[in-house]
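structure_34.csv follows; it contains CSV, C-alpha atoms.
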```
chain,number,residue,atom,x,y,z
A,1,MET,CA,145.0,77.4,128.7
A,2,SER,CA,143.6,76.2,131.9
A,3,THR,CA,139.9,76.3,132.8
A,4,GLU,CA,140.6,78.9,135.6
A,5,GLU,CA,142.4,81.1,133.1
A,6,ASN,CA,139.5,80.8,130.7
A,7,LYS,CA,137.1,81.8,133.5
A,8,THR,CA,139.2,84.8,134.4
A,9,ILE,CA,139.2,86.0,130.8
A,10,ILE,CA,135.4,85.6,130.4
A,11,ARG,CA,134.9,87.4,133.8
A,12,ARG,CA,137.1,90.3,132.7
A,13,PHE,CA,135.3,90.4,129.3
A,14,ILE,CA,132.0,90.6,131.1
A,15,GLU,CA,133.2,93.3,133.5
A,16,ALA,CA,134.6,95.3,130.6
A,17,ALA,CA,131.4,95.0,128.6
A,18,ASP,CA,129.3,98.2,128.8
A,19,THR,CA,125.7,97.4,129.7
A,20,HIS,CA,124.6,100.2,127.3
A,21,ASN,CA,126.3,98.6,124.3
A,22,VAL,CA,125.2,95.1,125.1
A,23,GLY,CA,121.6,96.3,125.6
A,24,LEU,CA,121.7,98.2,122.4
A,25,ALA,CA,123.0,95.2,120.5
A,26,VAL,CA,120.2,93.0,121.8
A,27,PHE,CA,117.7,95.7,121.0
A,28,ALA,CA,119.1,96.0,117.4
A,29,ILE,CA,118.9,92.2,116.9
A,30,GLY,CA,115.2,92.3,117.8
A,31,VAL,CA,114.5,95.1,115.3
A,32,MET,CA,116.5,93.3,112.6
A,33,ASP,CA,114.5,90.1,113.3
A,34,VAL,CA,111.2,91.9,112.7
A,35,ALA,CA,112.6,93.8,109.7
A,36,LEU,CA,113.8,90.6,108.0
A,37,MET,CA,110.8,88.4,108.8
A,38,LEU,CA,108.0,90.9,108.7
A,39,TRP,CA,108.6,94.3,107.2
A,40,ILE,CA,110.7,93.3,104.2
A,41,PRO,CA,108.4,90.3,103.2
A,42,LEU,CA,105.4,92.7,103.4
A,43,ILE,CA,107.2,95.3,101.2
A,44,TRP,CA,108.3,92.6,98.8
A,45,LYS,CA,104.7,91.3,98.6
A,46,TYR,CA,102.9,94.6,98.1
A,47,THR,CA,105.5,96.2,95.7
A,48,PHE,CA,107.2,93.4,93.8
A,49,SER,CA,105.0,90.3,93.9
A,50,PRO,CA,101.4,91.0,94.7
A,51,SER,CA,100.2,87.6,93.5
A,52,SER,CA,102.6,85.7,95.8
A,53,GLY,CA,101.9,84.6,99.4
A,54,LEU,CA,104.0,86.2,102.2
A,55,LEU,CA,105.6,82.9,102.9
A,56,ASP,CA,106.9,82.7,99.3
A,57,PHE,CA,109.4,85.5,100.2
A,58,PRO,CA,112.8,83.9,99.5
A,59,LEU,CA,114.2,84.3,103.1
A,60,LEU,CA,111.0,82.7,104.6
A,61,SER,CA,110.6,80.0,102.0
A,62,ALA,CA,114.3,79.0,102.6
A,63,SER,CA,113.5,78.2,106.2
A,64,PRO,CA,112.7,74.6,107.2
A,65,ASN,CA,109.4,75.9,108.7
A,66,PRO,CA,108.4,79.2,107.0
A,67,LEU,CA,105.2,79.6,109.1
A,68,ALA,CA,107.0,79.3,112.4
A,69,THR,CA,109.7,81.7,111.1
A,70,TRP,CA,107.0,84.2,110.1
A,71,LEU,CA,105.1,83.8,113.4
A,72,GLN,CA,108.2,84.2,115.6
A,73,SER,CA,109.1,87.5,114.1
A,74,VAL,CA,107.1,89.8,116.4
A,75,PHE,CA,107.3,87.6,119.5
A,76,ILE,CA,111.0,87.2,119.5
A,77,GLY,CA,111.5,90.8,118.2
A,78,ALA,CA,109.5,92.1,121.2
A,79,ILE,CA,111.3,89.9,123.6
A,80,LEU,CA,114.8,91.0,122.4
A,81,VAL,CA,113.9,94.6,122.2
A,82,VAL,CA,112.4,94.8,125.7
A,83,ARG,CA,115.1,92.6,127.3
A,84,GLY,CA,117.7,94.7,125.5
A,85,ALA,CA,116.2,97.8,127.1
A,86,PHE,CA,116.2,96.0,130.5
A,87,ILE,CA,120.0,95.2,130.1
A,88,TYR,CA,120.6,98.8,128.9
A,89,THR,CA,119.0,100.2,132.1
A,90,ARG,CA,121.1,97.8,134.2
A,91,ARG,CA,118.1,96.1,135.7
A,92,PRO,CA,119.6,92.5,135.5
A,93,LYS,CA,123.3,91.9,135.3
A,94,ILE,CA,124.5,91.4,131.7
A,95,VAL,CA,125.0,87.6,131.9
A,96,LYS,CA,121.7,87.0,133.7
A,97,GLY,CA,120.0,89.3,131.2
A,98,LEU,CA,121.5,87.5,128.2
A,99,ILE,CA,120.7,84.0,129.6
A,100,LEU,CA,117.1,85.0,130.3
A,101,THR,CA,116.7,86.6,126.8
A,102,ALA,CA,118.2,83.5,125.1
A,103,LEU,CA,116.0,81.0,127.0
A,104,SER,CA,112.9,83.1,126.4
A,105,ALA,CA,113.6,83.3,122.7
A,106,ILE,CA,114.4,79.6,122.3
A,107,LEU,CA,111.2,78.6,124.2
A,108,THR,CA,109.2,80.9,122.0
A,109,LEU,CA,110.7,79.4,118.9
A,110,ILE,CA,109.9,75.9,120.3
A,111,SER,CA,106.3,77.1,121.0
A,112,MET,CA,105.9,78.3,117.4
A,113,ILE,CA,107.4,75.2,115.8
A,114,SER,CA,105.1,72.9,117.9
A,115,PHE,CA,102.1,75.2,117.2
A,116,THR,CA,102.6,74.8,113.4
A,117,SER,CA,102.5,71.0,113.9
A,118,LEU,CA,99.3,71.5,115.9
A,119,ASP,CA,100.8,70.3,119.2
A,120,VAL,CA,98.9,72.9,121.1
A,121,ASN,CA,99.8,71.6,124.6
A,122,LEU,CA,103.5,71.7,124.1
A,123,SER,CA,103.2,75.0,122.3
A,124,LEU,CA,101.2,76.6,125.2
A,125,ALA,CA,103.4,75.2,127.9
A,126,SER,CA,106.6,76.5,126.2
A,127,PHE,CA,105.0,79.8,125.5
A,128,ILE,CA,104.0,80.3,129.1
A,129,ILE,CA,107.5,79.4,130.4
A,130,ALA,CA,108.9,81.8,127.8
A,131,LEU,CA,106.6,84.6,129.0
A,132,VAL,CA,107.6,84.0,132.6
A,133,LEU,CA,111.3,84.2,131.7
A,134,PHE,CA,110.6,87.3,129.7
A,135,VAL,CA,108.8,89.0,132.6
A,136,VAL,CA,111.3,88.0,135.3
B,1,MET,CA,82.7,95.2,102.1
B,2,GLU,CA,85.9,94.3,100.4
B,3,ILE,CA,89.0,93.3,102.5
B,4,ILE,CA,91.9,95.5,101.5
B,5,THR,CA,94.9,93.4,102.6
B,6,ALA,CA,97.4,96.2,102.1
B,7,PHE,CA,95.5,98.2,104.7
B,8,PHE,CA,96.0,95.5,107.3
B,9,GLY,CA,99.6,94.9,106.1
B,10,ILE,CA,100.7,98.5,106.4
B,11,ILE,CA,99.0,99.3,109.7
B,12,GLY,CA,100.0,95.9,111.1
B,13,SER,CA,103.6,96.5,110.3
B,14,LEU,CA,103.5,100.1,111.7
B,15,ILE,CA,102.3,98.8,115.1
B,16,PRO,CA,105.7,97.1,115.9
B,17,VAL,CA,107.5,100.3,114.7
B,18,ILE,CA,105.5,102.4,117.2
B,19,PHE,CA,106.1,99.8,119.9
B,20,PHE,CA,109.9,99.8,119.3
B,21,ILE,CA,110.0,103.6,119.5
B,22,THR,CA,107.9,103.4,122.7
B,23,VAL,CA,110.5,101.0,124.3
B,24,TRP,CA,113.3,103.2,123.0
B,25,TYR,CA,111.9,106.3,124.8
B,26,TRP,CA,111.2,104.2,127.9
B,27,MET,CA,114.8,103.0,127.9
B,28,LYS,CA,116.1,106.5,127.5
B,29,TYR,CA,113.8,107.9,130.2
B,30,ASN,CA,115.0,105.2,132.6
B,31,GLU,CA,118.6,106.4,132.1
B,32,LEU,CA,117.5,109.9,133.4
B,33,ASP,CA,115.1,108.8,136.2
B,34,ASN,CA,116.4,107.3,139.4
B,35,SER,CA,113.2,107.4,141.4
B,36,GLU,CA,111.1,104.5,142.6
B,37,LEU,CA,108.8,105.1,139.6
B,38,LYS,CA,111.2,103.1,137.5
B,39,SER,CA,109.6,99.9,138.8
B,40,SER,CA,106.1,100.9,137.8
B,41,ALA,CA,107.4,101.9,134.3
B,42,LYS,CA,108.9,98.4,134.0
B,43,TRP,CA,105.5,96.8,134.7
B,44,ARG,CA,103.9,99.1,132.1
B,45,VAL,CA,106.4,98.4,129.3
B,46,THR,CA,106.1,94.6,130.0
B,47,GLY,CA,102.3,95.1,129.7
B,48,TYR,CA,102.7,96.9,126.4
B,49,SER,CA,104.9,94.1,125.0
B,50,VAL,CA,102.3,91.4,126.1
B,51,LEU,CA,99.6,93.5,124.4
B,52,LEU,CA,101.7,93.6,121.3
B,53,MET,CA,102.0,89.8,121.4
B,54,ALA,CA,98.2,89.6,121.8
B,55,THR,CA,97.7,91.9,118.8
B,56,TRP,CA,100.0,89.7,116.7
B,57,PHE,CA,98.1,86.6,117.7
B,58,THR,CA,94.8,88.4,116.8
B,59,CYS,CA,96.4,89.1,113.4
B,60,GLY,CA,96.9,85.3,113.1
B,61,ILE,CA,93.2,84.7,113.3
B,62,PHE,CA,92.5,86.8,110.2
B,63,SER,CA,95.7,86.3,108.2
B,64,TYR,CA,98.3,83.5,108.4
B,65,PRO,CA,97.7,80.8,109.5
B,66,SER,CA,94.0,80.9,110.1
B,67,PHE,CA,92.5,83.0,107.3
B,68,ILE,CA,89.1,83.2,109.0
B,69,PHE,CA,87.8,85.7,106.4
B,70,ARG,CA,88.6,83.3,103.5
B,71,PRO,CA,86.5,80.2,103.8
B,72,GLU,CA,88.4,78.4,101.0
B,73,GLN,CA,91.7,78.7,103.0
B,74,ALA,CA,90.3,78.9,106.6
B,75,ASN,CA,91.9,76.6,109.2
B,76,LEU,CA,90.0,76.4,112.4
B,77,ASP,CA,92.6,74.1,113.9
B,78,TYR,CA,94.8,77.2,114.2
B,79,ALA,CA,92.2,79.8,114.8
B,80,LYS,CA,90.7,78.3,118.0
B,81,PRO,CA,93.9,78.0,120.1
B,82,ILE,CA,95.1,81.4,118.8
B,83,ALA,CA,91.8,83.0,119.9
B,84,TYR,CA,92.3,81.5,123.4
B,85,VAL,CA,95.9,82.6,123.7
B,86,ALA,CA,95.2,86.1,122.4
B,87,MET,CA,92.5,86.6,125.0
B,88,ILE,CA,94.8,85.3,127.8
B,89,LEU,CA,97.6,87.7,126.6
B,90,PHE,CA,95.2,90.7,126.4
B,91,PHE,CA,94.2,89.9,130.0
B,92,ILE,CA,97.8,89.6,131.2
B,93,GLY,CA,98.8,92.7,129.4
B,94,PHE,CA,96.1,94.9,130.9
B,95,LEU,CA,96.8,93.3,134.3
B,96,PHE,CA,100.4,94.4,134.0
B,97,LEU,CA,99.3,97.9,133.1
B,98,LEU,CA,97.0,97.9,136.2
B,99,ILE,CA,99.9,96.8,138.4
B,100,GLY,CA,102.2,99.5,136.9
B,101,GLU,CA,99.6,102.3,137.5
B,102,ARG,CA,99.0,101.1,141.1
B,103,LYS,CA,102.7,101.0,141.8
B,104,ALA,CA,103.1,104.5,140.4
B,105,TYR,CA,100.2,105.8,142.5
B,106,LEU,CA,101.5,104.2,145.7
B,107,THR,CA,105.0,105.5,145.1
B,108,GLY,CA,103.7,109.0,144.4
B,109,LYS,CA,101.5,108.8,147.6
B,110,GLN,CA,104.5,107.7,149.7
B,111,THR,CA,106.7,110.4,148.3
B,112,LYS,CA,104.0,113.0,149.1
B,113,THR,CA,103.6,111.7,152.7
B,114,GLU,CA,107.3,111.8,153.3
B,115,ALA,CA,107.5,115.4,151.9
B,116,THR,CA,104.6,116.5,154.2
B,117,LYS,CA,106.3,115.0,157.3
B,118,ARG,CA,109.4,117.1,156.6
```
I'd like the structure from this file rewritten - as structure tokens, please.
Amino acid sequence: MSTEENKTIIRRFIEAADTHNVGLAVFAIGVMDVALMLWIPLIWKYTFSPSSGLLDFPLLSASPNPLATWLQSVFIGAILVVRGAFIYTRRPKIVKGLILTALSAILTLISMISFTSLDVNLSLASFIIALVLFVV
Amino acid sequence: MEIITAFFGIIGSLIPVIFFITVWYWMKYNELDNSELKSSAKWRVTGYSVLLMATWFTCGIFSYPSFIFRPEQANLDYAKPIAYVAMILFFIGFLFLLIGERKAYLTGKQTKTEATKR
């Protein structure tokens, strides 16, 4: 298949995609992120394992950086939920909305990872850029 | 006074729930409303989300990773930058709310003026 044909297929797919469904999917991923990394670990701690730390929750402890994984939950959850709502209300085009959402989420993740290694400057810089991309 | 961690855990996890429901209703409202007020609502919801981030950072001062209330675990290397960022986020969040309210006021004023002229 040629590059042109691929582009046409992608363009048709994007045109066919309903902004409502794409927006709702991004919204749902945000809620799931917070559920898996915040709500379920809290329920686990207070009901099943009061003596353990939150970061001992299997899903968090399995992460290469449990603290950054825990910290990102609300930030990336909020970013995905709000940007999902923006896509739903057709503010940005779907592709632009998805790209901005992904960039914002990745930069927030970089910010959290650098923060846990106490690289405050990199953390702050990437967080500010993520915030700007989130607001745009 | 004893620190009941469950109190902070339960209320802290309810805050994002309330926020998500707020965004949900904002999203649904935007589907119905086609007026210029949508722009001001966008500023407001962005302000709320920045305030949520500020709240989450504030939580990080008292709980993971700073534990400022527990001297045996306390880590000021985390607490100090978190305190600065939280303050900046609170400022930005309230600034966005101000912009949103001002936009709503100006839009309402303009609509009223146009209606009077007719």
_Between atom CA of A:Asp33 and atom CA of A:Thr69, what is the distance in Å, rounded to a tenth?_
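Between these atoms lies a distance of 9.9 Å.
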*What does the distance between atom CA of A:Ile43 and atom CA of A:Phe57 come to in Å, to one decimal place?*
10.1 Å
Show which residues sit within 10 Å of A:Met112, as a PDB file with C-alpha atoms, keeping the file's coordinate frame. Count all atoms listed in the file, and ignore same-chain residues fewer than 6 positions away.
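Result saved to part_23.pdb:
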```
ATOM      1  CA  ASN A  65     109.400  75.900 108.700  1.00  0.00           C
ATOM      2  CA  LEU A  67     105.200  79.600 109.100  1.00  0.00           C
ATOM      3  CA  ALA A  68     107.000  79.300 112.400  1.00  0.00           C
ATOM      4  CA  THR A  69     109.700  81.700 111.100  1.00  0.00           C
ATOM      5  CA  TRP A  70     107.000  84.200 110.100  1.00  0.00           C
ATOM      6  CA  LEU A  71     105.100  83.800 113.400  1.00  0.00           C
ATOM      7  CA  GLN A  72     108.200  84.200 115.600  1.00  0.00           C
ATOM      8  CA  PHE A  75     107.300  87.600 119.500  1.00  0.00           C
ATOM      9  CA  ILE A 106     114.400  79.600 122.300  1.00  0.00           C
ATOM     10  CA  LEU A 118      99.300  71.500 115.900  1.00  0.00           C
ATOM     11  CA  ASP A 119     100.800  70.300 119.200  1.00  0.00           C
ATOM     12  CA  VAL A 120      98.900  72.900 121.100  1.00  0.00           C
ATOM     13  CA  LEU A 122     103.500  71.700 124.100  1.00  0.00           C
ATOM     14  CA  SER A 123     103.200  75.000 122.300  1.00  0.00           C
ATOM     15  CA  LEU A 124     101.200  76.600 125.200  1.00  0.00           C
ATOM     16  CA  SER A 126     106.600  76.500 126.200  1.00  0.00           C
ATOM     17  CA  PHE A 127     105.000  79.800 125.500  1.00  0.00           C
TER      18      PHE A 127
END
```
What are the nearest atom pairs, with distances in Å to one decimal, for all residues of chain B that come at most 10 Å from chain A, using all atoms listed in the file, set out by chain and rising residue number as a Markdown table?
```
| residue | atom | partner | partner_atom | distance |
| --- | --- | --- | --- | --- |
| B:Thr5 | CA | A:Tyr46 | CA | 9.3 |
| B:Ala6 | CA | A:Tyr46 | CA | 7.0 |
| B:Gly9 | CA | A:Leu42 | CA | 6.8 |
| B:Ile10 | CA | A:Leu42 | CA | 8.0 |
| B:Gly12 | CA | A:Trp39 | CA | 9.6 |
| B:Ser13 | CA | A:Trp39 | CA | 6.3 |
| B:Leu14 | CA | A:Trp39 | CA | 8.9 |
| B:Pro16 | CA | A:Val74 | CA | 7.4 |
| B:Val17 | CA | A:Val31 | CA | 8.7 |
| B:Phe19 | CA | A:Ala78 | CA | 8.5 |
| B:Phe20 | CA | A:Val81 | CA | 7.2 |
| B:Val23 | CA | A:Val82 | CA | 6.6 |
| B:Trp24 | CA | A:Ala85 | CA | 7.4 |
| B:Tyr25 | CA | A:Ala85 | CA | 9.8 |
| B:Trp26 | CA | A:Ala85 | CA | 8.2 |
| B:Met27 | CA | A:Ala85 | CA | 5.4 |
| B:Lys28 | CA | A:Thr89 | CA | 8.3 |
| B:Tyr29 | CA | A:Thr89 | CA | 9.5 |
| B:Asn30 | CA | A:Thr89 | CA | 6.4 |
| B:Glu31 | CA | A:Thr89 | CA | 6.2 |
| B:Leu32 | CA | A:Thr89 | CA | 9.9 |
| B:Lys38 | CA | A:Thr89 | CA | 9.9 |
| B:Ser39 | CA | A:Arg91 | CA | 9.8 |
| B:Lys42 | CA | A:Phe86 | CA | 8.4 |
| B:Trp43 | CA | A:Val135 | CA | 8.7 |
| B:Val45 | CA | A:Val82 | CA | 7.9 |
| B:Thr46 | CA | A:Val135 | CA | 6.7 |
| B:Gly47 | CA | A:Val135 | CA | 9.4 |
| B:Tyr48 | CA | A:Ala78 | CA | 9.8 |
| B:Ser49 | CA | A:Ala78 | CA | 6.3 |
| B:Val50 | CA | A:Leu131 | CA | 8.6 |
| B:Leu52 | CA | A:Ala78 | CA | 7.9 |
| B:Met53 | CA | A:Phe75 | CA | 6.0 |
| B:Ala54 | CA | A:Phe75 | CA | 9.6 |
| B:Thr55 | CA | A:Val74 | CA | 9.9 |
| B:Trp56 | CA | A:Val74 | CA | 7.1 |
| B:Phe57 | CA | A:Leu71 | CA | 8.7 |
| B:Gly60 | CA | A:Leu71 | CA | 8.3 |
| B:Tyr64 | CA | A:Leu67 | CA | 8.0 |
| B:Pro65 | CA | A:Leu67 | CA | 7.6 |
| B:Asp77 | CA | A:Leu118 | CA | 7.5 |
| B:Tyr78 | CA | A:Leu118 | CA | 7.5 |
| B:Pro81 | CA | A:Val120 | CA | 7.2 |
| B:Ile82 | CA | A:Phe115 | CA | 9.5 |
| B:Val85 | CA | A:Leu124 | CA | 8.1 |
| B:Leu89 | CA | A:Leu131 | CA | 9.8 |
```
*Any idea what the distance is between atom CA of B:Ile88 and atom CA of B:Ile3?*
27.2 Å
*Go through A:Ala62, A:Leu36, A:Val95, A:Ile10 and flag the residue nearest A:Val22, using all atoms listed in the file for the distances.*
A:Val95
*Which of these, A:Trp44, A:Leu100, A:Ile94, A:Met37, has the shortest distance to A:Ser63 once you count only C-alpha atoms?*
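Answer, going by the shortest atom-to-atom distance: A:Met37.
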_Counting only C-alpha atoms, which residue out of B:Ile21, B:Leu95, B:Ala41, B:Leu76 sits closest to B:Ile61?_
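That would be B:Leu76, the residue with the smallest distance to B:Ile61.
Using all atoms listed in the file for every distance, the candidate list A:Ser51, A:Val26, A:Pro66, A:Lys7 yields A:Val26 as the residue closest to A:Ala102.
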Taking the block above, write stretch 98-130 of chain A with N, CA and C atoms as a tab-separated table (two decimals), in the first residue's frame.
```
chain	number	residue	atom	x	y	z
A	98	LEU	N	-6.11	15.30	20.25
A	98	LEU	CA	-5.41	14.09	20.72
A	98	LEU	C	-3.91	14.34	20.85
A	99	ILE	N	-3.35	15.08	19.88
A	99	ILE	CA	-1.90	15.37	19.94
A	99	ILE	C	-1.57	16.22	21.18
A	100	LEU	N	-2.38	17.27	21.41
A	100	LEU	CA	-2.14	18.13	22.56
A	100	LEU	C	-2.29	17.35	23.87
A	101	THR	N	-3.29	16.47	23.91
A	101	THR	CA	-3.51	15.65	25.11
A	101	THR	C	-2.31	14.75	25.37
A	102	ALA	N	-1.85	14.07	24.30
A	102	ALA	CA	-0.73	13.14	24.46
A	102	ALA	C	0.54	13.87	24.89
A	103	LEU	N	0.83	15.01	24.23
A	103	LEU	CA	2.03	15.77	24.58
A	103	LEU	C	1.98	16.25	26.03
A	104	SER	N	0.82	16.75	26.40
A	104	SER	CA	0.65	17.26	27.76
A	104	SER	C	0.84	16.14	28.79
A	105	ALA	N	0.26	14.97	28.50
A	105	ALA	CA	0.38	13.83	29.42
A	105	ALA	C	1.84	13.35	29.51
A	106	ILE	N	2.51	13.27	28.36
A	106	ILE	CA	3.91	12.78	28.36
A	106	ILE	C	4.81	13.75	29.15
A	107	LEU	N	4.61	15.06	28.91
A	107	LEU	CA	5.44	16.04	29.62
A	107	LEU	C	5.18	16.01	31.12
A	108	THR	N	3.92	15.78	31.51
A	108	THR	CA	3.61	15.68	32.94
A	108	THR	C	4.32	14.47	33.54
A	109	LEU	N	4.31	13.38	32.79
A	109	LEU	CA	4.99	12.17	33.25
A	109	LEU	C	6.50	12.41	33.40
A	110	ILE	N	7.09	13.09	32.41
A	110	ILE	CA	8.53	13.43	32.49
A	110	ILE	C	8.78	14.30	33.74
A	111	SER	N	7.84	15.25	33.96
A	111	SER	CA	7.97	16.14	35.11
A	111	SER	C	7.97	15.34	36.42
A	112	MET	N	7.05	14.38	36.53
A	112	MET	CA	6.95	13.59	37.75
A	112	MET	C	8.19	12.71	37.96
A	113	ILE	N	8.67	12.12	36.85
A	113	ILE	CA	9.84	11.24	36.96
A	113	ILE	C	11.07	12.05	37.37
A	114	SER	N	11.25	13.24	36.76
A	114	SER	CA	12.41	14.05	37.13
A	114	SER	C	12.25	14.62	38.54
A	115	PHE	N	11.00	14.84	38.96
A	115	PHE	CA	10.78	15.35	40.32
A	115	PHE	C	11.19	14.31	41.37
A	116	THR	N	10.88	13.03	41.10
A	116	THR	CA	11.23	11.99	42.07
A	116	THR	C	12.75	11.79	42.15
A	117	SER	N	13.48	12.20	41.09
A	117	SER	CA	14.94	12.14	41.21
A	117	SER	C	15.50	13.51	41.58
A	118	LEU	N	14.61	14.34	42.12
A	118	LEU	CA	14.97	15.66	42.67
A	118	LEU	C	15.62	16.61	41.66
A	119	ASP	N	15.33	16.40	40.38
A	119	ASP	CA	15.78	17.34	39.35
A	119	ASP	C	14.66	18.39	39.18
A	120	VAL	N	14.65	19.34	40.11
A	120	VAL	CA	13.52	20.28	40.20
A	120	VAL	C	13.40	21.16	38.95
A	121	ASN	N	14.54	21.59	38.40
A	121	ASN	CA	14.49	22.49	37.23
A	121	ASN	C	13.82	21.84	36.03
A	122	LEU	N	14.27	20.61	35.71
A	122	LEU	CA	13.67	19.89	34.58
A	122	LEU	C	12.19	19.61	34.85
A	123	SER	N	11.91	19.24	36.10
A	123	SER	CA	10.54	18.92	36.48
A	123	SER	C	9.63	20.14	36.29
A	124	LEU	N	10.11	21.29	36.77
A	124	LEU	CA	9.31	22.52	36.68
A	124	LEU	C	9.12	22.94	35.22
A	125	ALA	N	10.22	22.87	34.44
A	125	ALA	CA	10.15	23.28	33.03
A	125	ALA	C	9.15	22.41	32.26
A	126	SER	N	9.26	21.09	32.43
A	126	SER	CA	8.35	20.21	31.70
A	126	SER	C	6.91	20.36	32.20
A	127	PHE	N	6.74	20.64	33.49
A	127	PHE	CA	5.38	20.82	34.02
A	127	PHE	C	4.73	22.08	33.45
A	128	ILE	N	5.53	23.16	33.33
A	128	ILE	CA	4.99	24.41	32.79
A	128	ILE	C	4.58	24.22	31.32
A	129	ILE	N	5.45	23.55	30.55
A	129	ILE	CA	5.10	23.31	29.13
A	129	ILE	C	3.84	22.44	29.04
A	130	ALA	N	3.77	21.42	29.92
A	130	ALA	CA	2.58	20.55	29.92
A	130	ALA	C	1.33	21.36	30.21
```
